[in-house]
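**Student:** Sending over entry33.cif (mmCIF, C-alpha atoms).
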data_structure
loop_
_atom_site.label_atom_id
_atom_site.label_comp_id
_atom_site.auth_asym_id
_atom_site.auth_seq_id
_atom_site.Cartn_x
_atom_site.Cartn_y
_atom_site.Cartn_z
CA MET A 1 -26.99 -92.36 -86.75
CA THR A 2 -26.61 -89.15 -84.80
CA GLU A 3 -23.71 -89.10 -82.36
CA VAL A 4 -24.38 -87.84 -78.80
CA ALA A 5 -21.89 -85.28 -77.59
CA PRO A 6 -20.21 -86.29 -74.30
CA THR A 7 -21.03 -84.22 -71.24
CA GLU A 8 -18.28 -82.07 -69.81
CA PRO A 9 -16.89 -83.27 -66.47
CA HIS A 10 -17.39 -81.15 -63.33
CA GLU A 11 -14.41 -79.06 -62.38
CA ALA A 12 -13.17 -79.13 -58.85
CA GLY A 13 -15.29 -76.87 -56.70
CA GLN A 14 -18.07 -76.70 -59.31
CA PRO A 15 -21.52 -77.17 -57.70
CA ALA A 16 -23.12 -80.52 -58.27
CA ALA A 17 -25.89 -80.67 -60.78
CA ASP A 18 -29.35 -80.10 -59.46
CA GLY A 19 -30.85 -83.27 -58.10
CA GLN A 20 -27.43 -84.92 -57.33
CA GLN A 21 -27.60 -86.63 -53.91
CA LEU A 22 -24.66 -85.92 -51.53
CA LYS A 23 -23.35 -88.97 -49.66
CA PRO A 24 -23.37 -89.12 -45.88
CA CYS A 25 -19.88 -89.46 -44.35
CA ALA A 26 -18.85 -90.71 -40.89
CA LYS A 27 -15.34 -89.35 -41.12
CA ALA A 28 -16.25 -86.09 -39.34
CA PHE A 29 -17.73 -87.92 -36.35
CA SER A 30 -14.94 -90.50 -36.22
CA SER A 31 -12.38 -87.69 -36.36
CA LEU A 32 -13.98 -86.03 -33.33
CA LEU A 33 -14.27 -89.33 -31.46
CA LEU A 34 -10.67 -90.35 -32.17
CA GLY A 35 -9.46 -86.89 -31.25
CA ILE A 36 -11.25 -86.95 -27.90
CA PHE A 37 -9.95 -90.45 -27.02
CA GLY A 38 -6.47 -89.47 -28.14
CA CYS A 39 -6.59 -86.36 -25.96
CA ILE A 40 -7.68 -88.42 -22.95
CA LEU A 41 -4.74 -90.79 -23.39
CA GLY A 42 -2.44 -87.82 -23.94
CA VAL A 43 -3.64 -86.21 -20.71
CA VAL A 44 -2.90 -89.47 -18.86
CA ALA A 45 0.62 -89.48 -20.32
CA TYR A 46 1.06 -85.82 -19.37
CA VAL A 47 -0.10 -86.48 -15.79
CA GLY A 48 2.42 -89.31 -15.66
CA VAL A 49 5.18 -86.85 -16.53
CA GLU A 50 4.01 -84.48 -13.80
CA MET A 51 3.66 -87.30 -11.25
CA ASP A 52 7.16 -88.61 -11.90
CA PRO A 53 8.91 -88.04 -8.56
CA GLY A 54 12.14 -87.43 -10.42
CA LYS A 55 15.54 -88.80 -9.60
CA PRO A 56 15.45 -90.10 -6.02
CA GLU A 57 18.11 -88.92 -3.65
CA GLY A 58 21.11 -91.19 -3.55
CA LEU A 59 21.08 -93.62 -0.66
CA ASN A 60 23.67 -92.62 1.92
CA LEU A 61 25.19 -95.75 3.44
CA THR A 62 26.61 -94.84 6.83
CA GLY A 63 27.43 -98.36 7.94
CA GLY A 64 24.39 -98.54 10.19
CA TYR A 65 22.95 -101.95 9.49
CA SER A 66 19.43 -101.25 10.77
CA GLU A 67 19.21 -97.84 9.08
CA THR A 68 20.49 -99.22 5.79
CA MET A 69 18.03 -102.12 5.83
CA ALA A 70 15.20 -99.64 6.44
CA ALA A 71 16.31 -97.23 3.72
CA LEU A 72 16.91 -99.78 0.95
CA PRO A 73 13.23 -100.85 0.49
CA GLU A 74 12.12 -97.22 0.29
CA ASP A 75 14.79 -96.46 -2.31
CA VAL A 76 13.78 -99.50 -4.37
CA LYS A 77 10.12 -98.47 -4.05
CA GLN A 78 10.80 -94.98 -5.43
CA ARG A 79 12.73 -96.35 -8.38
CA GLY A 80 10.02 -98.94 -9.02
CA ILE A 81 7.35 -96.22 -9.13
CA ARG A 82 9.38 -94.30 -11.69
CA ARG A 83 9.80 -97.37 -13.86
CA PHE A 84 6.07 -98.22 -13.58
CA ILE A 85 5.01 -94.71 -14.60
CA ALA A 86 7.50 -94.60 -17.47
CA SER A 87 6.54 -98.03 -18.80
CA PHE A 88 2.82 -97.31 -18.92
CA GLY A 89 3.16 -93.63 -19.80
CA GLN A 90 5.00 -94.34 -23.04
CA TRP A 91 2.18 -96.59 -24.29
CA PHE A 92 -0.56 -94.14 -23.33
CA GLY A 93 1.32 -91.42 -25.18
CA PHE A 94 2.01 -93.49 -28.31
CA VAL A 95 -1.56 -94.81 -28.57
CA GLY A 96 -2.99 -91.31 -27.97
CA ALA A 97 -0.75 -89.88 -30.71
CA ALA A 98 -1.71 -92.69 -33.10
CA LEU A 99 -5.43 -92.09 -32.53
CA GLY A 100 -4.90 -88.37 -33.01
CA LEU A 101 -3.01 -88.86 -36.26
CA TYR A 102 -5.69 -91.15 -37.65
CA GLY A 103 -8.44 -88.78 -36.51
CA LEU A 104 -6.63 -85.83 -38.12
CA ILE A 105 -6.44 -87.71 -41.43
CA GLN A 106 -10.16 -88.51 -41.18
CA GLY A 107 -11.09 -84.90 -40.46
CA ILE A 108 -8.97 -83.43 -43.26
CA THR A 109 -10.27 -86.03 -45.71
CA HIS A 110 -13.85 -85.13 -44.84
CA LEU A 111 -13.20 -81.41 -45.25
CA TYR A 112 -11.67 -82.02 -48.67
CA GLN A 113 -14.56 -84.19 -49.84
CA ALA A 114 -17.01 -81.63 -48.50
CA SER A 115 -15.24 -78.87 -50.43
CA ILE A 116 -15.89 -80.66 -53.72
CA GLN A 117 -19.43 -81.53 -52.60
CA LEU A 118 -19.00 -85.28 -52.55
CA VAL A 119 -20.31 -85.64 -49.00
CA ILE A 120 -22.64 -83.81 -46.67
CA PRO A 121 -20.47 -80.94 -45.39
CA LYS A 122 -20.61 -81.04 -41.55
CA ARG A 123 -17.58 -78.77 -41.61
CA GLY A 124 -17.99 -77.70 -38.01
CA LEU A 125 -17.92 -81.30 -36.75
CA ALA A 126 -14.95 -82.16 -38.96
CA GLY A 127 -13.13 -78.99 -37.88
CA ALA A 128 -13.60 -79.78 -34.20
CA GLY A 129 -12.48 -83.35 -34.80
CA SER A 130 -9.38 -82.17 -36.65
CA PHE A 131 -8.53 -79.75 -33.83
CA PHE A 132 -8.84 -82.34 -31.06
CA SER A 133 -6.96 -84.87 -33.18
CA PHE A 134 -4.10 -82.43 -33.69
CA ILE A 135 -3.91 -81.84 -29.92
CA ALA A 136 -3.89 -85.61 -29.40
CA CYS A 137 -0.93 -85.91 -31.79
CA LEU A 138 1.13 -83.89 -29.31
CA SER A 139 0.98 -86.91 -27.00
CA ILE A 140 4.04 -88.17 -28.88
CA ILE A 141 6.09 -85.67 -26.85
CA PHE A 142 5.08 -87.25 -23.54
CA ALA A 143 5.44 -90.73 -25.01
CA ALA A 144 9.01 -89.92 -26.04
CA LYS A 145 9.84 -88.57 -22.57
CA HIS A 146 8.45 -91.67 -20.85
CA GLY A 147 10.22 -93.92 -23.34
CA TRP A 148 13.54 -92.18 -22.71
CA ASN A 149 13.11 -92.57 -18.95
CA ALA A 150 12.14 -96.24 -19.23
CA HIS A 151 14.91 -97.35 -21.57
CA VAL A 152 17.77 -94.89 -21.04
CA GLY A 153 17.37 -92.41 -18.19
CA LEU A 154 16.49 -94.88 -15.45
CA LEU A 155 19.25 -97.27 -16.48
CA VAL A 156 21.85 -94.52 -16.39
CA ASP A 157 20.53 -93.28 -13.04
CA GLU A 158 20.58 -96.75 -11.47
CA THR A 159 24.09 -97.42 -12.81
CA GLN A 160 25.33 -94.17 -11.27
CA GLU A 161 23.65 -95.05 -7.97
CA ALA A 162 25.20 -98.53 -7.99
CA THR A 163 28.64 -97.01 -8.59
CA ASN A 164 28.04 -94.57 -5.75
CA ARG A 165 27.06 -97.39 -3.40
CA ILE A 166 30.17 -99.37 -4.29
CA ALA A 167 32.28 -96.35 -3.39
CA GLN A 168 30.41 -95.94 -0.09
CA VAL A 169 30.80 -99.61 0.79
CA ALA A 170 34.52 -99.40 0.04
CA ASN A 171 34.74 -96.38 2.36
CA ILE A 172 32.87 -98.22 5.13
CA MET A 173 35.16 -101.22 4.76
CA GLN A 174 38.20 -98.95 5.03
CA GLN A 175 36.77 -97.30 8.16
CA ALA A 176 36.10 -100.68 9.73
CA GLN A 177 39.63 -101.82 8.87
CA ASP A 178 41.10 -98.65 10.40
CA ILE A 179 39.09 -99.21 13.57
CA ALA A 180 40.13 -102.85 13.72
CA ASP A 181 43.79 -101.83 13.27
CA GLY A 182 43.48 -99.18 15.96
CA LYS A 183 44.11 -96.33 13.53
CA ALA A 184 40.79 -94.57 14.23
CA PRO A 185 38.23 -94.40 17.03
CA PRO A 186 34.86 -96.13 16.56
CA GLN A 187 32.51 -94.10 14.37
CA GLY A 188 28.87 -93.66 15.27
CA GLY A 189 27.80 -94.68 11.78
CA ILE A 190 29.59 -98.02 11.92
CA ASP A 191 26.76 -99.96 13.45
CA VAL A 192 27.70 -102.49 16.12
CA GLN A 193 25.32 -105.01 14.59
CA ALA A 194 27.04 -104.73 11.20
CA ILE A 195 30.50 -105.18 12.74
CA GLY A 196 29.17 -108.07 14.81
CA ILE A 197 28.08 -109.95 11.70
CA GLY A 198 31.56 -109.71 10.24
CA GLU A 199 33.17 -110.50 13.57
CA SER A 200 31.01 -113.59 14.05
CA ALA A 201 31.87 -114.87 10.58
CA LEU A 202 35.58 -114.17 11.10
CA GLY A 203 35.64 -115.59 14.60
CA GLY A 204 33.77 -118.70 13.55
CA PHE A 205 36.42 -119.35 10.93
CA LEU A 206 39.46 -118.67 13.14
CA ASN A 207 38.39 -120.19 16.45
CA PRO A 208 39.18 -123.83 15.55
CA VAL A 209 42.66 -122.68 14.48
CA THR A 210 43.36 -120.48 17.50
CA GLN A 211 42.23 -123.23 19.86
CA ILE A 212 45.29 -125.24 18.79
CA TRP A 213 47.91 -122.72 19.91
CA THR A 214 46.29 -122.25 23.34
CA GLU A 215 47.60 -125.66 24.38
CA ASP A 216 51.20 -124.49 23.84
CA TYR A 217 50.87 -121.69 26.41
CA LEU A 218 48.98 -123.44 29.17
CA ASN A 219 50.89 -124.06 32.43
CA ARG A 220 53.51 -121.47 31.49
CA HIS A 221 54.22 -118.17 33.22
CA ALA A 222 52.44 -115.35 31.46
CA PRO A 223 54.78 -112.70 30.06
CA ASN A 224 54.41 -109.44 31.95
CA VAL A 225 52.06 -106.77 30.63
CA GLU A 226 52.16 -103.19 31.90
CA PHE A 227 49.61 -100.49 31.18
CA TYR A 228 48.01 -97.31 32.48
CA SER A 229 44.25 -97.46 32.77
CA THR A 230 41.95 -94.67 31.69
CA ASP A 231 41.87 -93.36 35.26
CA GLY A 232 45.65 -92.87 35.18
CA ARG A 233 46.62 -95.75 37.46
CA GLY A 234 49.37 -98.19 36.50
CA TYR A 235 48.89 -101.96 36.46
CA SER A 236 51.02 -104.97 35.58
CA LEU A 237 50.88 -108.74 35.86
CA ASP A 238 54.04 -108.83 37.96
CA LYS A 239 52.37 -106.59 40.55
CA SER A 240 49.30 -108.81 40.62
CA LYS A 241 50.91 -111.88 42.19
CA ASN A 242 49.12 -113.71 45.02
CA THR A 243 45.78 -113.11 43.36
CA ARG A 244 44.05 -114.72 40.46
CA VAL A 245 44.07 -112.55 37.32
CA MET A 246 41.75 -112.47 34.35
CA LEU A 247 43.64 -110.70 31.56
CA VAL A 248 41.23 -109.72 28.77
CA LEU A 249 42.48 -108.66 25.33
CA ILE A 250 39.90 -106.39 23.71
CA LYS A 251 39.08 -104.34 20.61
CA SER A 252 37.07 -101.20 21.22
CA ALA A 253 34.85 -101.69 18.15
CA SER A 254 34.15 -105.37 18.87
CA PRO A 255 30.53 -106.10 19.82
CA GLY A 256 31.73 -109.19 21.69
CA CYS A 257 34.00 -107.03 23.85
CA ARG A 258 31.23 -104.52 24.51
CA ASN A 259 28.81 -107.28 25.47
CA ALA A 260 31.42 -108.81 27.80
CA VAL A 261 31.69 -105.68 29.98
CA PRO A 262 28.44 -106.22 31.97
CA LEU A 263 29.50 -109.81 32.69
CA LEU A 264 32.96 -108.73 33.82
CA ASN A 265 31.43 -105.99 35.96
CA GLN A 266 29.30 -108.67 37.60
CA LEU A 267 32.36 -110.83 38.30
CA ASP A 268 34.19 -107.80 39.68
CA ASN A 269 31.36 -107.38 42.20
CA GLU A 270 31.23 -111.08 43.11
CA PHE A 271 34.95 -111.49 43.87
CA SER A 272 36.92 -109.53 46.38
CA LEU A 273 40.10 -107.73 45.31
CA GLY A 274 42.34 -110.38 46.81
CA ASP A 275 40.56 -113.21 45.02
CA LEU A 276 40.34 -111.90 41.46
CA ARG A 277 41.69 -108.98 39.49
CA ILE A 278 40.25 -108.24 36.05
CA LEU A 279 42.54 -106.35 33.69
CA ALA A 280 41.57 -105.40 30.14
CA VAL A 281 44.22 -104.30 27.64
CA SER A 282 44.31 -103.20 24.04
CA GLN A 283 46.85 -102.04 21.48
CA GLU A 284 44.59 -99.27 20.19
CA PRO A 285 45.05 -95.51 20.64
CA ARG A 286 44.05 -94.15 24.03
CA VAL A 287 41.12 -92.20 22.56
CA ASN A 288 39.56 -95.47 21.39
CA ILE A 289 39.93 -97.05 24.81
CA GLU A 290 38.52 -94.00 26.61
CA ALA A 291 35.49 -94.04 24.30
CA PHE A 292 35.06 -97.77 24.97
CA VAL A 293 35.10 -97.27 28.77
CA LYS A 294 32.71 -94.33 28.55
CA GLN A 295 30.23 -96.17 26.34
CA THR A 296 30.30 -99.52 28.17
CA GLY A 297 30.68 -98.33 31.78
CA SER A 298 33.38 -100.81 32.67
CA ARG A 299 34.30 -100.74 36.39
CA PHE A 300 37.57 -102.68 36.03
CA PRO A 301 40.89 -101.30 34.76
CA VAL A 302 41.08 -100.84 30.99
CA GLY A 303 44.09 -99.40 29.20
CA LYS A 304 46.67 -99.56 26.43
CA ALA A 305 49.58 -101.88 26.98
CA ALA A 306 52.92 -100.09 27.04
CA VAL A 307 54.59 -103.21 25.69
CA MET A 308 52.65 -106.24 24.46
CA PRO A 309 54.83 -109.37 24.23
CA ALA A 310 54.41 -111.12 20.90
CA GLU A 311 53.81 -114.47 22.56
CA PRO A 312 51.23 -115.45 23.43
CA TYR A 313 49.31 -112.20 23.06
CA GLY A 314 50.37 -111.41 19.50
CA ASP A 315 48.73 -114.60 18.23
CA VAL A 316 45.29 -113.48 19.36
CA GLN A 317 42.98 -112.87 16.41
CA SER A 318 39.54 -113.17 17.98
CA PHE A 319 38.25 -110.76 20.62
CA PRO A 320 37.71 -110.84 23.50
CA THR A 321 40.32 -113.41 24.53
CA TYR A 322 40.66 -114.28 28.22
CA PHE A 323 43.93 -115.38 29.85
CA ILE A 324 43.22 -116.88 33.27
CA LEU A 325 46.27 -116.75 35.56
CA ASP A 326 46.63 -118.47 38.90
CA ARG A 327 48.14 -116.80 41.96
CA GLU A 328 51.66 -117.52 40.69
CA GLY A 329 51.07 -115.90 37.32
CA VAL A 330 50.83 -119.21 35.45
CA ILE A 331 48.42 -119.41 32.51
CA GLU A 332 45.77 -121.78 33.72
CA ARG A 333 43.19 -121.38 30.97
CA ILE A 334 42.59 -119.46 27.75
CA LEU A 335 39.08 -118.61 26.58
CA ILE A 336 38.57 -117.29 23.07
CA GLY A 337 35.62 -115.19 21.97
CA PRO A 338 32.41 -114.28 23.82
CA GLN A 339 31.69 -116.47 26.85
CA PRO A 340 28.62 -116.93 29.06
CA ILE A 341 28.76 -115.76 32.66
CA GLY A 342 28.84 -119.34 33.97
CA VAL A 343 32.03 -120.17 32.07
CA LEU A 344 33.69 -116.94 33.16
CA ARG A 345 32.70 -117.50 36.79
CA ALA A 346 34.07 -121.05 36.76
CA ALA A 347 37.32 -119.88 35.17
CA ALA A 348 37.63 -117.12 37.78
CA LYS A 349 37.21 -119.56 40.66
CA GLY A 350 39.73 -122.00 39.23
CA PRO A 351 40.05 -125.73 39.82
#
Would you mind writing the file out in structure tokens?
**Tutor:**
Amino acid sequence: MTEVAPTEPHEAGQPAADGQQLKPCAKAFSSLLLGIFGCILGVVAYVGVEMDPGKPEGLNLTGGYSETMAALPEDVKQRGIRRFIASFGQWFGFVGAALGLYGLIQGITHLYQASIQLVIPKRGLAGAGSFFSFIACLSIIFAAKHGWNAHVGLLVDETQEATNRIAQVANIMQQAQDIADGKAPPQGGIDVQAIGIGESALGGFLNPVTQIWTEDYLNRHAPNVEFYSTDGRGYSLDKSKNTRVMLVLIKSASPGCRNAVPLLNQLDNEFSLGDLRILAVSQEPRVNIEAFVKQTGSRFPVGKAAVMPAEPYGDVQSFPTYFILDREGVIERILIGPQPIGVLRAAAKGP
């Protein structure tokens, strides 16, 4: 039997034998399609990077309650937009890069198979697909940036902002304490509404306690108090005998004291000088008291006590506190905290 010599295999790059049918291949088209989709997702991720508003300005807490409540939602909104963009941008970028990588592999594979004449060439289509797929692979850069913002950058930024707000709140609390202690004049940024909330909470806690000690001082002669009002005139309880006296202890930063001024002005108009004298005193610096008078328009004497006897005035912890004295200087009634005009009028008239 005659042996048949084996045929020699084709070398790489050797033309296929005449009559050999080249196979159709979809890799070139799929490479182009994947590249285009990857580029679209990459563009979305890139636009997200450009749309990122960046680190929002730190919220400046001035102590103004209304301003702070208006600024907080806007600050939260800005940070929420950044987190939304970063969360979605990272996925657009990663998916776009994945499609580009797969499309690039498809395009290169087709070009290789076409070079050894295993498939119908379509080199132009495969080349375009490989180019767009390579561009789509660059989406990984935008994905990494969004991912960093979402999982690291934003957290660091928000932690720094929280630390900054804690420091600002501590500063506001110190300012409020200085004002309450009379060490500083009222600041425009310390909103009256904010102080009023704290004052109401504090007063509501202390009033039941302070009501107890008022009974110990009723029907006793009020210790003398001397002061110079903001207009330079001198006043004292001893010089106010033969007339009823309403001695009001105030704090310049207290919303309750500020709100009491119109009511006291009304009483000052209703009663003649011989029937009622309204005197308001404080232990704060003169500049605080002058600012209080200027801002509230009080028409009765207001000043700093030269000497404030410890009892009963030193026990006052809620402002305003009213000491109602009869014509002999005897403490007839003590009213603690804000009072309606009807109560003040009745106290002024007496029994």
**Student:** Which residues, written as a PyMOL selection string, have at least one atom at most 12 Å from range 338-340 of chain A, with only C-alpha atoms counted and residues fewer than 3 positions away on the same chain left out?
**Tutor:** chain A and resi 196+199-200+203-204+207+248-250+254-264+266-267+318-322+334-335+343-347
**Student:** With the PyMOL selection byres ((chain A and resi 291-304) around 7) as the selection, what would be picked from this file? Answer as a tab-separated table (two decimals) with C-alpha atoms, in the frame of the given file, please.
**Tutor:**
chain	number	residue	atom	x	y	z
A	227	PHE	CA	49.61	-100.49	31.18
A	228	TYR	CA	48.01	-97.31	32.48
A	229	SER	CA	44.25	-97.46	32.77
A	230	THR	CA	41.95	-94.67	31.69
A	252	SER	CA	37.07	-101.20	21.22
A	258	ARG	CA	31.23	-104.52	24.51
A	261	VAL	CA	31.69	-105.68	29.98
A	265	ASN	CA	31.43	-105.99	35.96
A	278	ILE	CA	40.25	-108.24	36.05
A	279	LEU	CA	42.54	-106.35	33.69
A	280	ALA	CA	41.57	-105.40	30.14
A	281	VAL	CA	44.22	-104.30	27.64
A	282	SER	CA	44.31	-103.20	24.04
A	283	GLN	CA	46.85	-102.04	21.48
A	284	GLU	CA	44.59	-99.27	20.19
A	286	ARG	CA	44.05	-94.15	24.03
A	287	VAL	CA	41.12	-92.20	22.56
A	288	ASN	CA	39.56	-95.47	21.39
A	289	ILE	CA	39.93	-97.05	24.81
A	290	GLU	CA	38.52	-94.00	26.61
A	305	ALA	CA	49.58	-101.88	26.98
A	306	ALA	CA	52.92	-100.09	27.04
**Student:** Determine the residue set returned by the PyMOL selection byres ((chain A and resi 87) around 9) for the present structure, and present it as a ChimeraX atom specification.
**Tutor:** /A:82-86,88-91,146-147,149-151
**Student:** Could you spell out the hits of the PyMOL selection byres ((chain A and resi 27) around 12) on the shown file, as a PyMOL selection string?
**Tutor:** chain A and resi 23-26+28-35+102-114+119-123+125-130
**Student:** What does the distance between CA of Ile81 in chain A and CA of Asp52 in chain A come to in Å, to one decimal place?
**Tutor:**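 That distance, rounded to one decimal, is 8.1 Å.
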**Student:** Work out how far apart CA of Pro285 in chain A and CA of Gly329 in chain A are and give it in Å to one decimal.
**Tutor:**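 Between these atoms lies a distance of 27.0 Å.
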**Student:** Determine the nearest neighbour of Val307 in chain A from the options A:Gly337, A:Gly100, A:Pro223, A:Gly93, counting only C-alpha atoms.
**Tutor:** A:Pro223
**Student:** So what do you get for CA of Pro351 in chain A versus CA of Leu247 in chain A, distance-wise?
**Tutor:** 17.5 Å
**Student:** Measuring between all atoms listed in the file, which one of A:Ile331, A:Ala45, A:Val76, A:Ala348 shows the shortest distance to Glu215 in chain A?
**Tutor:**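 Closest to Glu215 in chain A, using all atoms listed in the file: A:Ile331.
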**Student:** Which centre and edge lengths in Å to one decimal define the box along x, y and z that fits every listed atom of range 34-53 of chain A plus 4 Å per side, as AutoDock Vina command-line options?
**Tutor:**
--center_x -1.2 --center_y -87.6 --center_z -20.4 --size_x 28.2 --size_y 14.3 --size_z 31.6
**Student:** Within 10 Å of (5.6, -88.1, -27.0) (file coordinates; only C-alpha atoms), which protein or nucleic acid residues are there? I'd like them as a list in words.
**Tutor:**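 Protein and nucleic acid residues near the point are Gly42, Ala45, Tyr46, Gly89, Gln90, Trp91, Phe92, Gly93, Phe94, Val95, Gly96, Ala97, Cys137, Leu138, Ser139, Ile140, Ile141, Phe142, Ala143, Ala144, Lys145, His146, Gly147 and Trp148 of chain A.
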**Student:** Taking 2 positions as the minimum chain separation for residues in the same chain, which residues sit within 7 Å of Leu276 in chain A when counting all atoms listed in the file? Answer as number ranges by chain.
**Tutor:** A: 243-245, 271-274, 278, 348
**Student:** Can those selected residues be exported to a file as a PDB file, in the frame of the given file so that it contains C-alpha atoms?
**Tutor:**
ATOM      1  CA  THR A 243      45.780-113.110  43.360  1.00  0.00           C
ATOM      2  CA  ARG A 244      44.050-114.720  40.460  1.00  0.00           C
ATOM      3  CA  VAL A 245      44.070-112.550  37.320  1.00  0.00           C
ATOM      4  CA  PHE A 271      34.950-111.490  43.870  1.00  0.00           C
ATOM      5  CA  SER A 272      36.920-109.530  46.380  1.00  0.00           C
ATOM      6  CA  LEU A 273      40.100-107.730  45.310  1.00  0.00           C
ATOM      7  CA  GLY A 274      42.340-110.380  46.810  1.00  0.00           C
ATOM      8  CA  ILE A 278      40.250-108.240  36.050  1.00  0.00           C
ATOM      9  CA  ALA A 348      37.630-117.120  37.780  1.00  0.00           C
TER      10      ALA A 348
END
**Student:** Find the residue from A:Phe131, A:Leu155, A:His221, A:Glu226 that sits nearest to Lys239 in chain A; use all atoms listed in the file when measuring.
**Tutor:**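 That would be A:Glu226, the residue with the smallest distance to Lys239 in chain A.
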**Student:** Measuring atom to atom with all atoms listed in the file, identify which of A:Leu218, A:Gln117, A:Asp75, A:Asn171 is nearest to Glu158 in chain A.
**Tutor:**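 The shortest atom-to-atom distance to Glu158 in chain A comes from A:Asp75.
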**Student:** Since the input is missing atoms for range 71-77 of chain A, could you rebuild it with all heavy atoms and give the result as a CSV table (one decimal), in the frame of the given file?
**Tutor:**
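out.csv written:
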chain,number,residue,atom,x,y,z
A,71,ALA,N,16.3,-98.2,4.8
A,71,ALA,CA,16.3,-97.2,3.7
A,71,ALA,C,16.3,-97.9,2.4
A,71,ALA,O,15.7,-97.4,1.4
A,71,ALA,CB,17.6,-96.3,3.8
A,72,LEU,N,16.8,-99.1,2.2
A,72,LEU,CA,16.9,-99.8,1.0
A,72,LEU,C,15.5,-100.0,0.4
A,72,LEU,O,15.3,-99.8,-0.8
A,72,LEU,CB,17.7,-101.1,1.1
A,72,LEU,CG,19.2,-101.0,1.0
A,72,LEU,CD1,19.9,-102.3,1.3
A,72,LEU,CD2,19.7,-100.5,-0.4
A,73,PRO,N,14.6,-100.6,1.1
A,73,PRO,CA,13.2,-100.8,0.5
A,73,PRO,C,12.6,-99.6,0.0
A,73,PRO,O,11.9,-99.6,-1.1
A,73,PRO,CB,12.4,-101.5,1.6
A,73,PRO,CG,13.4,-102.1,2.5
A,73,PRO,CD,14.6,-101.2,2.5
A,74,GLU,N,12.7,-98.5,0.7
A,74,GLU,CA,12.1,-97.2,0.3
A,74,GLU,C,12.8,-96.7,-1.0
A,74,GLU,O,12.1,-96.2,-1.9
A,74,GLU,CB,12.3,-96.2,1.4
A,74,GLU,CG,11.6,-94.8,1.1
A,74,GLU,CD,10.1,-94.9,0.8
A,74,GLU,OE1,9.5,-95.8,1.4
A,74,GLU,OE2,9.6,-94.1,0.1
A,75,ASP,N,14.1,-96.9,-1.1
A,75,ASP,CA,14.8,-96.5,-2.3
A,75,ASP,C,14.4,-97.3,-3.5
A,75,ASP,O,14.1,-96.8,-4.6
A,75,ASP,CB,16.3,-96.6,-2.1
A,75,ASP,CG,17.1,-96.1,-3.3
A,75,ASP,OD1,17.2,-94.9,-3.5
A,75,ASP,OD2,17.6,-97.0,-4.0
A,76,VAL,N,14.2,-98.6,-3.3
A,76,VAL,CA,13.8,-99.5,-4.4
A,76,VAL,C,12.3,-99.2,-4.8
A,76,VAL,O,12.0,-99.2,-6.0
A,76,VAL,CB,13.9,-101.0,-3.9
A,76,VAL,CG1,13.3,-101.9,-5.0
A,76,VAL,CG2,15.4,-101.3,-3.7
A,77,LYS,N,11.5,-98.8,-3.8
A,77,LYS,CA,10.1,-98.5,-4.0
A,77,LYS,C,10.0,-97.2,-4.9
A,77,LYS,O,9.3,-97.2,-5.9
A,77,LYS,CB,9.4,-98.2,-2.7
A,77,LYS,CG,7.9,-97.8,-2.9
A,77,LYS,CD,7.3,-97.5,-1.6
A,77,LYS,CE,5.9,-96.9,-1.7
A,77,LYS,NZ,5.3,-96.6,-0.4
